[in-house]
Amino acid sequence: MKFVILVGDGMADYPLPELGGRTPLQEADIPNLDFIAKNGKCGLARTVPDGFIPGSDVANLSILGYDPKKYYTGRGPLEAASMGVSLKLGDVAFRCNLIT
């Protein structure tokens, strides 16, 4: 069976008074997502284990079938790998946001 998993990462938001108490997602014109929600199979999965801070890195590991309790290293090594940086045993990679 072939399937597609759509991850609405970052789509959650708080209701805003200027939108009449609705969220930006509720207010958005999203006919394609509306079609998928109406005609596809929708579900809910717990992707962040107890004790972890909810975040894209942990949740996406779970979605891809990796147990975050075993494989979670933080975002640094993941972003290093995405740039082709090879880490050796004992190496450390940090990720940070620079703010000016």
# chains A, B, ... in the order shown; residues from 1 in each chain; ligands from 1

call {"tool": "residues_around", "arguments": {"residues": "Glu79 in chain A", "least_positions_apart": "4", "cutoff": "10 Å", "atoms": "only C-alpha atoms", "output": "NGL selection string"}}
result
:A and (74-75 or 83-85 or 93-95)

call {"tool": "select_by_dssp", "arguments": {"residues": "chain A", "states": "alpha helix (DSSP H)", "output": "PDB file with N, CA and C atoms, in the first residue's frame"}}
result
ATOM      1  N   PRO A  24      -5.207  31.480  12.708  1.00  0.00           N
ATOM      2  CA  PRO A  24      -4.874  31.758  11.309  1.00  0.00           C
ATOM      3  C   PRO A  24      -5.179  30.571  10.393  1.00  0.00           C
ATOM      4  N   LEU A  25      -4.985  29.361  10.872  1.00  0.00           N
ATOM      5  CA  LEU A  25      -5.287  28.188  10.052  1.00  0.00           C
ATOM      6  C   LEU A  25      -6.787  28.076   9.787  1.00  0.00           C
ATOM      7  N   GLN A  26      -7.605  28.349  10.804  1.00  0.00           N
ATOM      8  CA  GLN A  26      -9.053  28.307  10.611  1.00  0.00           C
ATOM      9  C   GLN A  26      -9.509  29.376   9.621  1.00  0.00           C
ATOM     10  N   GLU A  27      -8.830  30.481   9.591  1.00  0.00           N
ATOM     11  CA  GLU A  27      -9.208  31.604   8.735  1.00  0.00           C
ATOM     12  C   GLU A  27      -8.648  31.474   7.314  1.00  0.00           C
ATOM     13  N   PRO A  31      -8.037  25.344   0.083  1.00  0.00           N
ATOM     14  CA  PRO A  31      -8.912  24.361  -0.557  1.00  0.00           C
ATOM     15  C   PRO A  31      -8.267  22.984  -0.722  1.00  0.00           C
ATOM     16  N   ASN A  32      -6.962  22.926  -0.963  1.00  0.00           N
ATOM     17  CA  ASN A  32      -6.324  21.619  -1.140  1.00  0.00           C
ATOM     18  C   ASN A  32      -6.272  20.831   0.165  1.00  0.00           C
ATOM     19  N   LEU A  33      -5.926  21.502   1.261  1.00  0.00           N
ATOM     20  CA  LEU A  33      -5.947  20.813   2.552  1.00  0.00           C
ATOM     21  C   LEU A  33      -7.373  20.442   2.945  1.00  0.00           C
ATOM     22  N   ASP A  34      -8.322  21.316   2.644  1.00  0.00           N
ATOM     23  CA  ASP A  34      -9.727  20.996   2.919  1.00  0.00           C
ATOM     24  C   ASP A  34     -10.155  19.743   2.152  1.00  0.00           C
ATOM     25  N   PHE A  35      -9.740  19.627   0.895  1.00  0.00           N
ATOM     26  CA  PHE A  35     -10.071  18.455   0.081  1.00  0.00           C
ATOM     27  C   PHE A  35      -9.472  17.185   0.688  1.00  0.00           C
ATOM     28  N   ILE A  36      -8.208  17.258   1.081  1.00  0.00           N
ATOM     29  CA  ILE A  36      -7.545  16.088   1.672  1.00  0.00           C
ATOM     30  C   ILE A  36      -8.236  15.688   2.975  1.00  0.00           C
ATOM     31  N   ALA A  37      -8.566  16.674   3.796  1.00  0.00           N
ATOM     32  CA  ALA A  37      -9.229  16.372   5.065  1.00  0.00           C
ATOM     33  C   ALA A  37     -10.589  15.724   4.844  1.00  0.00           C
ATOM     34  N   LYS A  38     -11.302  16.171   3.818  1.00  0.00           N
ATOM     35  CA  LYS A  38     -12.638  15.639   3.543  1.00  0.00           C
ATOM     36  C   LYS A  38     -12.581  14.259   2.899  1.00  0.00           C
ATOM     37  N   ASN A  39     -11.629  14.027   2.012  1.00  0.00           N
ATOM     38  CA  ASN A  39     -11.611  12.798   1.217  1.00  0.00           C
ATOM     39  C   ASN A  39     -10.545  11.785   1.623  1.00  0.00           C
ATOM     40  N   SER A  56       9.838  19.922  16.486  1.00  0.00           N
ATOM     41  CA  SER A  56       9.897  19.260  15.183  1.00  0.00           C
ATOM     42  C   SER A  56      10.898  18.122  15.163  1.00  0.00           C
ATOM     43  N   ASP A  57      12.048  18.325  15.795  1.00  0.00           N
ATOM     44  CA  ASP A  57      13.094  17.311  15.735  1.00  0.00           C
ATOM     45  C   ASP A  57      12.646  15.999  16.369  1.00  0.00           C
ATOM     46  N   VAL A  58      12.057  16.074  17.543  1.00  0.00           N
ATOM     47  CA  VAL A  58      11.590  14.866  18.239  1.00  0.00           C
ATOM     48  C   VAL A  58      10.423  14.234  17.488  1.00  0.00           C
ATOM     49  N   ALA A  59       9.449  15.040  17.102  1.00  0.00           N
ATOM     50  CA  ALA A  59       8.260  14.516  16.430  1.00  0.00           C
ATOM     51  C   ALA A  59       8.604  13.871  15.093  1.00  0.00           C
ATOM     52  N   ASN A  60       9.476  14.505  14.319  1.00  0.00           N
ATOM     53  CA  ASN A  60       9.827  13.941  13.014  1.00  0.00           C
ATOM     54  C   ASN A  60      10.615  12.650  13.139  1.00  0.00           C
ATOM     55  N   LEU A  61      11.454  12.516  14.163  1.00  0.00           N
ATOM     56  CA  LEU A  61      12.118  11.229  14.404  1.00  0.00           C
ATOM     57  C   LEU A  61      11.073  10.134  14.590  1.00  0.00           C
ATOM     58  N   SER A  62      10.063  10.416  15.413  1.00  0.00           N
ATOM     59  CA  SER A  62       8.999   9.435  15.658  1.00  0.00           C
ATOM     60  C   SER A  62       8.256   9.085  14.382  1.00  0.00           C
ATOM     61  N   ILE A  63       7.906  10.097  13.607  1.00  0.00           N
ATOM     62  CA  ILE A  63       7.156   9.876  12.367  1.00  0.00           C
ATOM     63  C   ILE A  63       7.942   8.993  11.407  1.00  0.00           C
ATOM     64  N   PRO A  68      12.710   8.315  19.702  1.00  0.00           N
ATOM     65  CA  PRO A  68      13.490   9.444  20.212  1.00  0.00           C
ATOM     66  C   PRO A  68      14.229   9.124  21.512  1.00  0.00           C
ATOM     67  N   LYS A  69      13.684   8.222  22.324  1.00  0.00           N
ATOM     68  CA  LYS A  69      14.365   7.857  23.568  1.00  0.00           C
ATOM     69  C   LYS A  69      15.717   7.210  23.284  1.00  0.00           C
ATOM     70  N   LYS A  70      15.840   6.600  22.112  1.00  0.00           N
ATOM     71  CA  LYS A  70      17.086   5.921  21.746  1.00  0.00           C
ATOM     72  C   LYS A  70      17.961   6.776  20.829  1.00  0.00           C
ATOM     73  N   TYR A  71      17.347   7.518  19.914  1.00  0.00           N
ATOM     74  CA  TYR A  71      18.107   8.176  18.855  1.00  0.00           C
ATOM     75  C   TYR A  71      18.196   9.695  18.943  1.00  0.00           C
ATOM     76  N   ARG A  75      19.122  18.987  17.805  1.00  0.00           N
ATOM     77  CA  ARG A  75      19.072  19.435  16.410  1.00  0.00           C
ATOM     78  C   ARG A  75      20.444  19.607  15.778  1.00  0.00           C
ATOM     79  N   GLY A  76      21.462  19.855  16.576  1.00  0.00           N
ATOM     80  CA  GLY A  76      22.794  20.113  16.035  1.00  0.00           C
ATOM     81  C   GLY A  76      23.290  19.029  15.094  1.00  0.00           C
ATOM     82  N   PRO A  77      23.330  17.767  15.538  1.00  0.00           N
ATOM     83  CA  PRO A  77      23.795  16.704  14.646  1.00  0.00           C
ATOM     84  C   PRO A  77      22.906  16.510  13.414  1.00  0.00           C
ATOM     85  N   LEU A  78      21.606  16.720  13.561  1.00  0.00           N
ATOM     86  CA  LEU A  78      20.709  16.584  12.412  1.00  0.00           C
ATOM     87  C   LEU A  78      21.006  17.652  11.362  1.00  0.00           C
ATOM     88  N   GLU A  79      21.191  18.885  11.813  1.00  0.00           N
ATOM     89  CA  GLU A  79      21.474  19.954  10.859  1.00  0.00           C
ATOM     90  C   GLU A  79      22.873  19.821  10.277  1.00  0.00           C
ATOM     91  N   ALA A  80      23.827  19.324  11.060  1.00  0.00           N
ATOM     92  CA  ALA A  80      25.170  19.076  10.526  1.00  0.00           C
ATOM     93  C   ALA A  80      25.096  18.041   9.405  1.00  0.00           C
ATOM     94  N   ALA A  81      24.359  16.959   9.641  1.00  0.00           N
ATOM     95  CA  ALA A  81      24.219  15.913   8.620  1.00  0.00           C
ATOM     96  C   ALA A  81      23.561  16.466   7.358  1.00  0.00           C
ATOM     97  N   SER A  82      22.578  17.366   7.527  1.00  0.00           N
ATOM     98  CA  SER A  82      21.893  17.927   6.359  1.00  0.00           C
ATOM     99  C   SER A  82      22.823  18.791   5.506  1.00  0.00           C
TER     100      SER A  82
END

call {"tool": "closest_residue", "arguments": {"among": "A:Leu19, A:Ala28, A:Ile99, A:Leu64", "to": "Ile5 in chain A", "atoms": "only C-alpha atoms"}}
result
A:Leu64
